>>> print(open('my_file-v7.cif').read())   # mmCIF, C-alpha atoms and all ligand atoms
data_entry
loop_
_atom_site.label_atom_id
_atom_site.label_comp_id
_atom_site.auth_asym_id
_atom_site.auth_seq_id
_atom_site.Cartn_x
_atom_site.Cartn_y
_atom_site.Cartn_z
CA MET A 732 62.38 90.71 -7.11
CA PRO A 733 59.21 88.70 -7.74
CA GLU A 734 58.56 87.73 -11.33
CA LEU A 735 55.67 89.38 -13.08
CA ALA A 736 52.86 87.30 -14.49
CA PRO A 737 51.49 88.06 -17.92
CA LEU A 738 48.39 90.22 -17.86
CA ASP A 739 45.21 88.22 -17.67
CA ARG A 740 42.28 90.60 -17.39
CA LEU A 741 39.57 88.00 -17.32
CA SER A 742 40.80 85.98 -14.41
CA TYR A 743 42.36 88.98 -12.65
CA ALA A 744 45.40 86.79 -12.15
CA PRO A 745 47.71 88.05 -9.43
CA VAL A 746 50.69 90.09 -10.53
CA LEU A 747 53.10 88.12 -8.42
CA VAL A 748 53.75 84.57 -9.53
CA SER A 749 56.89 83.61 -7.66
CA ASP A 750 56.26 81.78 -4.40
CA GLU A 751 53.97 84.19 -2.58
CA ASP A 752 55.25 82.91 0.75
CA ASP A 753 58.36 84.96 0.05
CA ILE A 754 56.47 88.19 -0.40
CA SER A 755 55.70 90.45 2.54
CA GLN A 756 52.20 91.39 3.64
CA LYS A 757 53.18 95.02 2.99
CA THR A 758 53.89 94.41 -0.69
CA LEU A 759 50.91 92.10 -1.11
CA ALA A 760 48.60 94.70 0.46
CA VAL A 761 49.55 97.08 -2.36
CA HIS A 762 49.98 94.72 -5.34
CA GLY A 763 48.50 91.36 -4.33
CA GLY A 764 45.78 89.97 -6.58
CA GLU A 765 45.98 92.83 -9.07
CA PRO A 766 46.54 92.64 -12.83
CA ARG A 767 49.43 94.69 -14.14
CA THR A 768 47.19 97.22 -15.82
CA TYR A 769 43.56 98.26 -16.14
CA PRO A 770 41.42 99.51 -19.02
CA TYR A 771 42.60 102.87 -20.45
CA ASP A 772 45.99 102.12 -18.85
CA ALA A 773 44.64 103.33 -15.52
CA LEU A 774 47.02 102.59 -12.66
CA VAL A 775 44.19 102.12 -10.17
CA ALA A 776 41.29 99.67 -10.39
CA PRO A 777 38.16 101.23 -11.88
CA ILE A 778 34.79 100.92 -10.17
CA THR A 779 32.77 98.70 -12.46
CA GLN A 780 29.37 100.12 -11.68
CA THR A 781 27.12 97.73 -13.57
CA ALA A 782 24.26 95.44 -12.61
CA THR A 783 24.63 93.10 -15.59
CA TYR A 784 26.99 92.20 -18.47
CA SER A 785 26.26 91.91 -22.17
CA PHE A 786 27.16 89.06 -24.49
CA ALA A 787 28.43 89.76 -28.02
CA ASP A 788 26.23 87.05 -29.47
CA THR A 789 24.48 83.79 -28.61
CA ALA A 790 27.64 81.82 -29.33
CA GLU A 791 29.44 83.67 -26.54
CA LEU A 792 26.56 82.99 -24.18
CA ILE A 793 26.76 79.27 -24.94
CA ALA A 794 30.55 79.27 -24.60
CA TYR A 795 30.15 80.89 -21.19
CA PHE A 796 27.59 78.38 -19.94
CA GLU A 797 29.67 75.49 -21.26
CA GLY A 798 32.64 76.83 -19.28
CA ARG A 799 34.78 77.54 -22.36
CA LYS A 800 34.73 81.27 -21.71
CA GLN A 801 35.44 82.89 -18.37
CA ARG A 802 33.60 86.18 -17.84
CA GLU A 803 30.98 87.93 -15.72
CA GLU A 804 27.28 87.24 -16.20
CA TYR A 805 25.13 89.13 -13.67
CA GLY A 806 25.84 91.45 -10.73
CA ARG A 807 24.73 89.11 -7.98
CA TYR A 808 27.12 86.41 -9.26
CA GLY A 809 30.16 88.60 -9.66
CA ASN A 810 31.67 92.00 -10.34
CA PRO A 811 35.25 92.95 -11.29
CA SER A 812 35.56 95.48 -8.44
CA VAL A 813 34.38 92.85 -5.97
CA ARG A 814 36.63 90.23 -7.58
CA LEU A 815 39.66 92.45 -6.93
CA VAL A 816 38.88 92.60 -3.20
CA GLU A 817 38.59 88.81 -3.21
CA GLU A 818 41.91 88.32 -5.05
CA LYS A 819 43.74 90.68 -2.72
CA LEU A 820 42.34 89.01 0.37
CA ALA A 821 43.21 85.55 -0.95
CA ALA A 822 46.77 86.78 -1.56
CA LEU A 823 47.06 88.20 1.96
CA GLU A 824 45.48 85.19 3.67
CA ARG A 825 47.58 82.79 1.57
CA THR A 826 44.45 80.96 0.45
CA GLU A 827 43.34 79.77 -2.98
CA ASP A 828 40.25 81.94 -3.15
CA ALA A 829 38.02 84.39 -1.30
CA ALA A 830 34.44 85.68 -1.58
CA ALA A 831 33.25 89.14 -0.55
CA PHE A 832 29.93 90.04 1.07
CA ALA A 833 27.84 93.09 1.94
CA SER A 834 28.85 92.88 5.62
CA GLY A 835 30.82 90.78 8.05
CA MET A 836 27.66 89.14 9.32
CA ALA A 837 26.56 88.28 5.77
CA ALA A 838 29.93 86.54 5.36
CA VAL A 839 29.64 84.69 8.69
CA THR A 840 26.04 83.51 8.26
CA SER A 841 26.42 82.52 4.60
CA THR A 842 29.57 80.54 5.39
CA ILE A 843 27.97 78.67 8.28
CA LEU A 844 24.86 77.88 6.24
CA ALA A 845 27.00 76.61 3.35
CA LEU A 846 28.61 74.03 5.65
CA VAL A 847 25.80 72.62 7.79
CA LYS A 848 22.48 70.90 7.30
CA SER A 849 19.62 69.76 9.50
CA GLY A 850 21.02 67.32 12.05
CA SER A 851 24.50 68.86 12.07
CA HIS A 852 26.21 69.97 15.26
CA VAL A 853 28.26 73.17 15.55
CA ILE A 854 30.82 74.03 18.25
CA LEU A 855 31.42 77.65 19.12
CA PHE A 856 33.85 79.30 21.53
CA ALA A 857 31.56 81.12 23.97
CA ASP A 858 33.25 84.50 23.52
CA CYS A 859 32.72 84.67 19.76
CA TYR A 860 31.12 87.79 18.27
CA ARG A 861 27.70 88.31 19.85
CA ARG A 862 25.70 88.20 16.60
CA THR A 863 27.51 85.05 15.43
CA ARG A 864 26.60 83.44 18.73
CA GLN A 865 23.00 84.62 18.37
CA PHE A 866 22.81 83.17 14.86
CA VAL A 867 24.09 79.77 15.97
CA THR A 868 22.22 79.48 19.26
CA THR A 869 18.83 80.90 18.22
CA TYR A 870 18.44 80.78 14.42
CA LEU A 871 20.33 77.61 13.51
CA ASP A 872 18.67 75.89 16.43
CA ARG A 873 15.27 76.45 14.77
CA PHE A 874 16.38 74.38 11.77
CA GLY A 875 17.56 71.39 13.76
CA ILE A 876 21.23 72.34 13.85
CA SER A 877 22.44 71.86 17.42
CA ASN A 878 25.33 73.62 19.09
CA THR A 879 27.72 73.48 22.02
CA LEU A 880 29.31 76.58 23.47
CA ILE A 881 32.74 75.90 24.95
CA PRO A 882 34.72 78.13 27.35
CA PRO A 883 37.04 80.73 25.79
CA ALA A 884 40.31 79.30 24.42
CA ASP A 885 39.59 75.89 25.99
CA VAL A 886 40.96 73.37 23.48
CA GLU A 887 40.37 70.39 25.78
CA ALA A 888 36.68 71.34 25.99
CA LEU A 889 36.65 71.41 22.20
CA ARG A 890 38.10 67.89 22.02
CA ALA A 891 35.42 66.67 24.42
CA ALA A 892 32.55 68.43 22.60
CA ILE A 893 33.11 66.84 19.18
CA ARG A 894 30.40 64.37 18.22
CA PRO A 895 29.97 62.19 15.14
CA GLU A 896 27.55 64.78 13.70
CA THR A 897 29.82 67.78 14.41
CA ARG A 898 30.42 69.60 11.11
CA LEU A 899 31.93 72.91 12.10
CA VAL A 900 33.97 74.61 14.81
CA ILE A 901 33.77 78.40 15.00
CA ALA A 902 36.58 80.31 16.66
CA GLU A 903 37.81 83.86 16.82
CA ALA A 904 41.20 85.32 17.62
CA PRO A 905 41.61 87.64 19.37
CA THR A 906 38.07 87.78 20.75
CA ASN A 907 36.11 90.74 22.05
CA PRO A 908 36.59 92.20 24.64
CA TYR A 909 39.09 89.99 26.54
CA GLN A 910 41.10 89.06 23.45
CA THR A 911 41.43 85.37 24.14
CA ILE A 912 43.41 83.43 21.56
CA PRO A 913 42.75 79.69 21.38
CA ASP A 914 45.67 77.59 20.19
CA LEU A 915 44.34 77.47 16.64
CA GLU A 916 47.11 75.18 15.46
CA GLN A 917 45.82 72.57 17.90
CA VAL A 918 42.20 73.36 17.01
CA ALA A 919 43.02 72.71 13.33
CA GLU A 920 44.80 69.47 14.16
CA ILE A 921 42.01 68.09 16.35
CA CYS A 922 39.36 69.00 13.79
CA ARG A 923 41.28 67.63 10.80
CA GLU A 924 41.54 64.28 12.57
CA LYS A 925 37.77 64.23 13.18
CA LYS A 926 36.96 65.60 9.71
CA VAL A 927 35.36 68.71 11.18
CA LYS A 928 35.71 72.01 9.33
CA THR A 929 37.24 75.01 11.12
CA LEU A 930 36.14 78.62 10.69
CA VAL A 931 38.11 81.48 12.24
CA ASP A 932 36.80 85.03 12.44
CA SER A 933 40.11 86.86 12.12
CA THR A 934 38.69 90.39 12.10
CA PHE A 935 40.68 91.56 15.16
CA ALA A 936 43.96 90.02 13.96
CA THR A 937 43.90 91.04 10.28
CA PRO A 938 46.10 89.16 7.78
CA VAL A 939 48.95 91.45 8.81
CA ASN A 940 49.18 89.91 12.29
CA PHE A 941 47.94 86.40 11.61
CA GLN A 942 47.18 84.07 8.70
CA PRO A 943 45.07 81.20 10.09
CA ALA A 944 45.29 79.13 6.88
CA LYS A 945 49.03 78.67 7.49
CA TYR A 946 48.09 76.72 10.61
CA GLY A 947 45.57 74.53 8.84
CA ILE A 948 42.36 76.48 9.49
CA ASP A 949 39.89 75.80 6.66
CA ILE A 950 38.03 79.10 6.42
CA VAL A 951 38.94 82.62 7.46
CA VAL A 952 36.27 85.29 7.82
CA HIS A 953 36.64 89.05 8.22
CA SER A 954 34.37 91.94 8.87
CA ALA A 955 35.96 94.21 6.25
CA THR A 956 34.13 97.04 8.02
CA LYS A 957 36.94 97.07 10.57
CA TYR A 958 40.65 97.02 9.70
CA LEU A 959 40.42 96.02 6.01
CA GLY A 960 38.31 99.02 5.02
CA GLY A 961 40.05 100.90 7.79
CA HIS A 962 38.29 104.25 7.53
CA ASN A 963 34.94 103.69 9.29
CA ASP A 964 33.15 104.52 6.03
CA VAL A 965 32.10 101.19 4.51
CA LEU A 966 30.52 97.86 5.48
CA GLY A 967 31.76 94.57 4.02
CA GLY A 968 32.80 91.01 4.76
CA VAL A 969 35.20 88.47 3.26
CA VAL A 970 35.56 84.69 3.40
CA ALA A 971 38.89 83.08 2.40
CA GLY A 972 39.87 79.43 2.00
CA LYS A 973 40.36 76.58 -0.47
CA THR A 974 38.63 76.89 -3.84
CA GLY A 975 36.06 74.16 -3.15
CA LEU A 976 34.89 75.65 0.13
CA VAL A 977 34.82 79.23 -1.12
CA SER A 978 32.79 78.09 -4.17
CA LEU A 979 30.15 76.63 -1.86
CA VAL A 980 29.95 79.91 0.00
CA ARG A 981 29.87 81.96 -3.21
CA ASP A 982 27.05 79.80 -4.59
CA LEU A 983 25.04 80.60 -1.50
CA ARG A 984 25.75 84.31 -1.95
CA SER A 985 24.07 84.05 -5.34
CA VAL A 986 21.00 82.68 -3.56
CA PHE A 987 20.91 84.95 -0.48
CA GLY A 988 21.99 88.00 -2.43
CA ALA A 989 24.16 89.66 0.24
CA CYS A 990 26.65 90.78 -2.40
CA LEU A 991 29.13 93.62 -1.97
CA ASP A 992 28.32 96.80 -3.88
CA PRO A 993 31.01 97.77 -6.45
CA HIS A 994 31.57 101.16 -4.88
CA ALA A 995 31.92 99.64 -1.41
CA ALA A 996 34.32 97.11 -2.96
CA TYR A 997 36.43 99.95 -4.32
CA LEU A 998 36.64 101.57 -0.88
CA ILE A 999 37.69 98.29 0.74
CA HIS A 1000 40.25 97.60 -2.01
CA ARG A 1001 41.67 101.09 -1.53
CA GLY A 1002 41.65 100.63 2.24
CA ILE A 1003 43.60 97.38 2.10
CA LYS A 1004 46.50 99.07 0.30
CA THR A 1005 47.43 100.83 3.55
CA LEU A 1006 46.43 97.91 5.80
CA ALA A 1007 49.96 96.88 6.75
CA LEU A 1008 51.03 100.44 7.55
CA ARG A 1009 47.96 101.09 9.64
CA VAL A 1010 48.03 97.82 11.54
CA GLU A 1011 51.75 98.09 12.34
CA GLN A 1012 51.09 101.55 13.78
CA GLN A 1013 48.03 100.33 15.68
CA ASN A 1014 49.98 97.35 17.09
CA ALA A 1015 52.71 99.70 18.32
CA THR A 1016 50.32 102.22 19.85
CA ALA A 1017 48.19 99.58 21.58
CA GLN A 1018 51.29 97.89 23.00
CA ALA A 1019 52.63 101.18 24.36
CA MET A 1020 49.23 102.17 25.75
CA ALA A 1021 48.75 98.76 27.39
CA GLU A 1022 52.19 98.94 29.02
CA ARG A 1023 51.48 102.43 30.31
CA LEU A 1024 47.98 101.60 31.59
CA GLU A 1025 49.19 98.43 33.31
CA GLN A 1026 51.32 100.71 35.51
CA HIS A 1027 48.51 103.18 36.25
CA PRO A 1028 47.07 102.94 39.80
CA ARG A 1029 43.49 103.45 38.56
CA VAL A 1030 43.64 100.46 36.20
CA ARG A 1031 42.57 97.37 38.10
CA GLN A 1032 43.14 94.83 35.34
CA ILE A 1033 44.11 94.97 31.69
CA TRP A 1034 43.83 92.54 28.78
CA TYR A 1035 46.19 92.92 25.83
CA PRO A 1036 47.75 89.86 24.15
CA GLY A 1037 51.08 91.68 23.86
CA LEU A 1038 51.43 91.86 27.67
CA ALA A 1039 53.07 88.95 29.49
CA SER A 1040 50.12 89.19 31.94
CA HIS A 1041 47.61 88.12 29.26
CA PRO A 1042 46.59 84.45 29.71
CA ASN A 1043 47.16 83.69 26.00
CA HIS A 1044 50.33 85.73 25.57
CA GLU A 1045 52.46 82.66 24.73
CA THR A 1046 49.95 81.40 22.15
CA ALA A 1047 49.75 84.87 20.64
CA LYS A 1048 53.54 85.06 20.40
CA ARG A 1049 53.72 81.70 18.67
CA LEU A 1050 50.91 82.23 16.14
CA MET A 1051 50.86 85.96 15.53
CA SER A 1052 53.32 88.55 14.31
CA GLY A 1053 51.47 91.40 16.06
CA PHE A 1054 49.03 91.72 18.93
CA GLY A 1055 46.41 94.06 17.49
CA GLY A 1056 44.98 97.49 18.16
CA VAL A 1057 42.49 96.88 20.97
CA VAL A 1058 43.20 97.41 24.67
CA THR A 1059 40.63 96.32 27.27
CA PHE A 1060 40.81 97.36 30.93
CA GLU A 1061 38.87 97.70 34.18
CA LEU A 1062 39.00 100.85 36.28
CA ASP A 1063 38.88 101.22 40.06
CA SER A 1064 35.38 102.62 39.58
CA ASP A 1065 31.66 101.94 39.05
CA LEU A 1066 29.42 102.41 36.00
CA ASP A 1067 29.12 106.19 36.35
CA GLY A 1068 32.76 106.77 37.30
CA THR A 1069 33.84 104.74 34.27
CA SER A 1070 31.50 106.78 32.06
CA ARG A 1071 33.10 109.97 33.42
CA PHE A 1072 36.51 108.63 32.36
CA VAL A 1073 35.23 107.72 28.87
CA ASP A 1074 33.69 111.18 28.49
CA ALA A 1075 36.92 112.83 29.68
CA CYS A 1076 39.02 111.32 26.86
CA ARG A 1077 39.44 114.02 24.24
CA ILE A 1078 40.83 112.17 21.23
CA PRO A 1079 38.92 108.87 20.87
CA ARG A 1080 35.30 109.01 19.75
CA ILE A 1081 32.51 107.08 21.44
CA ALA A 1082 31.23 104.61 18.85
CA PRO A 1083 30.82 100.89 18.24
CA SER A 1084 33.33 99.26 15.83
CA LEU A 1085 37.12 99.28 15.67
CA GLY A 1086 39.98 99.12 13.21
CA GLY A 1087 39.55 102.46 11.48
CA VAL A 1088 41.91 105.43 11.44
CA GLU A 1089 39.94 107.11 14.26
CA SER A 1090 40.47 105.83 17.81
CA LEU A 1091 37.21 104.62 19.35
CA ILE A 1092 36.38 104.07 22.99
CA GLU A 1093 33.42 102.31 24.58
CA GLN A 1094 32.11 100.94 27.82
CA PRO A 1095 30.82 97.45 26.82
CA ALA A 1096 28.23 97.58 29.65
CA LEU A 1097 26.60 100.53 27.90
CA MET A 1098 27.35 99.69 24.27
CA SER A 1099 26.89 96.00 23.47
CA TYR A 1100 25.20 94.92 26.70
CA PHE A 1101 23.00 97.90 27.57
CA GLU A 1102 19.79 95.87 27.78
CA LEU A 1103 21.20 93.55 30.47
CA SER A 1104 21.14 94.19 34.24
CA THR A 1105 24.40 94.55 36.18
CA GLU A 1106 23.95 90.98 37.49
CA GLU A 1107 23.30 89.58 34.01
CA ARG A 1108 26.35 91.38 32.68
CA GLU A 1109 28.57 90.05 35.44
CA ALA A 1110 27.32 86.52 34.76
CA ILE A 1111 28.81 86.78 31.25
CA GLY A 1112 31.92 88.57 32.49
CA ILE A 1113 31.13 92.13 31.44
CA LYS A 1114 31.67 94.44 34.39
CA ASN A 1115 30.35 97.98 34.61
CA ASN A 1116 33.89 99.36 34.95
CA LEU A 1117 35.15 97.71 31.75
CA VAL A 1118 36.51 99.88 28.92
CA ARG A 1119 37.45 98.89 25.38
CA TYR A 1120 39.85 101.20 23.62
CA ALA A 1121 40.38 100.53 19.87
CA VAL A 1122 43.33 102.62 18.78
CA GLY A 1123 43.42 104.47 15.49
CA ILE A 1124 46.42 105.92 13.70
CA GLU A 1125 46.76 109.16 15.67
CA ASP A 1126 50.08 109.98 17.34
CA THR A 1127 50.97 107.32 19.91
CA ASP A 1128 52.26 109.70 22.60
CA GLU A 1129 49.28 112.02 22.26
CA LEU A 1130 46.80 109.15 22.58
CA ILE A 1131 48.54 107.87 25.71
CA ALA A 1132 48.86 111.33 27.26
CA ASP A 1133 45.14 111.87 26.60
CA VAL A 1134 44.03 108.62 28.22
CA VAL A 1135 46.29 109.13 31.25
CA ALA A 1136 45.06 112.72 31.67
CA ALA A 1137 41.44 111.50 31.54
CA LEU A 1138 42.22 108.90 34.24
CA ASP A 1139 43.89 111.49 36.44
CA ARG A 1140 41.17 114.12 35.91
CA THR A 1141 38.37 111.74 36.88
CA ALA A 1142 40.10 110.04 39.85
C1 LIG A 1201 32.08 93.69 13.50
C2 LIG A 1201 32.34 92.25 13.57
C3 LIG A 1201 31.55 91.34 12.87
C4 LIG A 1201 30.36 91.78 12.04
O1 LIG A 1201 30.76 92.54 10.95
P1 LIG A 1201 29.79 93.58 10.21
O2 LIG A 1201 30.62 94.06 9.09
O3 LIG A 1201 29.44 94.64 11.21
O4 LIG A 1201 28.59 92.81 9.78
C5 LIG A 1201 31.87 90.00 12.94
N1 LIG A 1201 32.90 89.57 13.70
C6 LIG A 1201 33.67 90.41 14.40
C7 LIG A 1201 34.80 89.87 15.21
C8 LIG A 1201 33.42 91.78 14.37
O5 LIG A 1201 34.19 92.61 15.07
#
>>> encode(input="my_file-v7.cif", output="structure tokens")
Amino acid sequence: MPELAPLDRLSYAPVLVSDEDDISQKTLAVHGGEPRTYPYDALVAPITQTATYSFADTAELIAYFEGRKQREEYGRYGNPSVRLVEEKLAALERTEDAAAFASGMAAVTSTILALVKSGSHVILFADCYRRTRQFVTTYLDRFGISNTLIPPADVEALRAAIRPETRLVIAEAPTNPYQTIPDLEQVAEICREKKVKTLVDSTFATPVNFQPAKYGIDIVVHSATKYLGGHNDVLGGVVAGKTGLVSLVRDLRSVFGACLDPHAAYLIHRGIKTLALRVEQQNATAQAMAERLEQHPRVRQIWYPGLASHPNHETAKRLMSGFGGVVTFELDSDLDGTSRFVDACRIPRIAPSLGGVESLIEQPALMSYFELSTEEREAIGIKNNLVRYAVGIEDTDELIADVVAALDRTA
């Protein structure tokens, strides 16, 4: 059994002090980063719903500013409910620290801005999250920060794209919707040699399936809106990494103000406790669904990292302990025929997002890329007959029977 640390309310010191490498993600999801008890002997973390914090006297104020006393000061700089999300994420990602934000995009943009300056160069895998790409290619560009987009999972292209002024490489694994997985161990190695920082958006993988820091990635970012929160009821984002880097990002949060609300923090903290259970179930369902769909005559092509047919299957097997809850496939159909299939599914709901308890289905041509023409979509690899299925925690056999029945009904 892990040893228990003495209670330290002010620093919210993690309960578990023996080598955390020995402790499973399942146990850390429940206990990681939590003190042994809370005020009033409550078992569960309270929601500290306050905008500011009072000082007993001027002496305490001075002690705080001189760094002799650790405590909260003002809501934008910190909150105990938010701090607990950060401690739990740091425990799960095996990093020194983490910082939470009001959304995934607040986490992504604040992190990038903390690491670059005018004249810097940023490298981005071309299939990164669309808004991250938009931020780098349109907004950063305005401030004299240049960028190079490199083909999905292409590590050789990364090597070739690094310049003396390159500060940051942004990767994602798995990506949306084709779930490419660059060899992030190699990415980390190449970048360390060139003194370039690495950022991985690990939203699709979750710390249950993959811990990028173990492979030398500097900063891990999550949209907590997805698997971490897990219930499609809260927006949030988290950044995890070494203390020095996370401090830079947290300082910027104090300036930009995209801080996580205490109540939202509570929901995310609560959500993470069942993260391992949910993700293990979602991994299993997605694997079974992918194997079934791969055999279905109406499915033209399928992308799931757990299938031997996926181009990055070997990388996924080496780096990850699970292949995630998203299955992407093309039907033997056109835009309207594919819509008829989506509409014929009775269990999944039509909605953007993923990672919650409810299964969600979407046709990327109509959801994320609606404003583009068919030709423009095909140029970026999004066909009209493409479907993204993000599995929830419903019964595996029922989900598969439902999707197969919808395929057969709309043939
Ligand atoms: C959803 C998502 C984001 C953005 O997160 P929000 O919480 O919606 O701001 C960033 N990256 C990935 C991979 C996502 O799926």
>>> residues_near_ligand(input="my_file-v7.cif", ligand="ligand LIG 1201 (chain A)", cutoff="6 Å", atoms="all atoms listed in the file", output="number ranges by chain")
A: 834-836, 860, 932, 934, 954, 956, 966-968
>>> write_last_selection(input="my_file-v7.cif", atoms="C-alpha atoms", output="PDB file, in the coordinates of the input")
ATOM      1  CA  SER A 834      28.850  92.880   5.620  1.00  0.00           C
ATOM      2  CA  GLY A 835      30.820  90.780   8.050  1.00  0.00           C
ATOM      3  CA  MET A 836      27.660  89.140   9.320  1.00  0.00           C
ATOM      4  CA  TYR A 860      31.120  87.790  18.270  1.00  0.00           C
ATOM      5  CA  ASP A 932      36.800  85.030  12.440  1.00  0.00           C
ATOM      6  CA  THR A 934      38.690  90.390  12.100  1.00  0.00           C
ATOM      7  CA  SER A 954      34.370  91.940   8.870  1.00  0.00           C
ATOM      8  CA  THR A 956      34.130  97.040   8.020  1.00  0.00           C
ATOM      9  CA  LEU A 966      30.520  97.860   5.480  1.00  0.00           C
ATOM     10  CA  GLY A 967      31.760  94.570   4.020  1.00  0.00           C
ATOM     11  CA  GLY A 968      32.800  91.010   4.760  1.00  0.00           C
TER      12      GLY A 968
END
>>> closest_atom_pairs(input="my_file-v7.cif", of="segment 960-1031 of chain A", to="segment 793-807 of chain A", cutoff="9 Å", atoms="all atoms listed in the file", output="Markdown table")
| residue | atom | partner | partner_atom | distance |
| --- | --- | --- | --- | --- |
| A:Arg984 | CA | A:Arg807 | CA | 7.8 |
| A:Ser985 | CA | A:Arg807 | CA | 5.7 |
| A:Val986 | CA | A:Arg807 | CA | 8.6 |
| A:Gly988 | CA | A:Arg807 | CA | 6.3 |
| A:Ala989 | CA | A:Arg807 | CA | 8.3 |
| A:Cys990 | CA | A:Arg807 | CA | 6.1 |
| A:Leu991 | CA | A:Arg807 | CA | 8.7 |
>>> atom_distance(input="my_file-v7.cif", atom1="atom CA of Arg1080 of chain A", atom2="atom CA of Val839 of chain A")
27.3 Å
>>> residues_around(input="my_file-v7.cif", residues="segment 1064-1079 of chain A", least_positions_apart="5", cutoff="10 Å", atoms="all atoms listed in the file", output="VMD selection string")
chain A and resid 1029 to 1031 1089 to 1094 1096 to 1097 1105 1114 to 1123 1125 1129 to 1142
>>> atom_distance(input="my_file-v7.cif", atom1="atom CA of Ala1021 of chain A", atom2="atom CA of Thr1127 of chain A")
11.6 Å
>>> atom_distance(input="my_file-v7.cif", atom1="atom CA of Phe1101 of chain A", atom2="atom CA of Asn907 of chain A")
15.9 Å
>>> closest_residue(input="my_file-v7.cif", among="A:Leu889, A:Val980, A:Leu820, A:Ile1111", to="Ala837 of chain A", atoms="only C-alpha atoms")
A:Val980
>>> closest_residue(input="my_file-v7.cif", among="A:Arg923, A:His1000, A:Arg981, A:Lys945", to="Gly961 of chain A", atoms="all atoms listed in the file")
A:His1000
>>> closest_atom_pairs(input="my_file-v7.cif", of="segment 905-971 of chain A", to="segment 1010-1013 of chain A", cutoff="9 Å", atoms="only C-alpha atoms", output="tab-separated table")
residue	atom	partner	partner_atom	distance
A:Thr937	CA	A:Val1010	CA	8.0
A:Val939	CA	A:Val1010	CA	7.0
A:Asn940	CA	A:Val1010	CA	8.0
A:Tyr958	CA	A:Val1010	CA	7.6
>>> residues_near_point(input="my_file-v7.cif", point="(50.0, 74.8, 16.4)", cutoff="10 Å", atoms="only C-alpha atoms", output="PyMOL selection string")
chain A and resi 914-920+945-947+1046+1049-1050
>>> closest_residue(input="my_file-v7.cif", among="A:Asp949, A:Asp788, A:Asp872, A:Asp885", to="Ala829 of chain A", atoms="only C-alpha atoms")
A:Asp949
>>> closest_residue(input="my_file-v7.cif", among="A:Leu979, A:Ala971, A:Val853, A:Val927", to="Asp828 of chain A", atoms="all atoms listed in the file")
A:Ala971
>>> residues_around(input="my_file-v7.cif", residues="Ala891 of chain A", least_positions_apart="6", cutoff="12 Å", atoms="all atoms listed in the file", output="PyMOL selection string")
chain A and resi 854+879-882+885+897+921-922+925
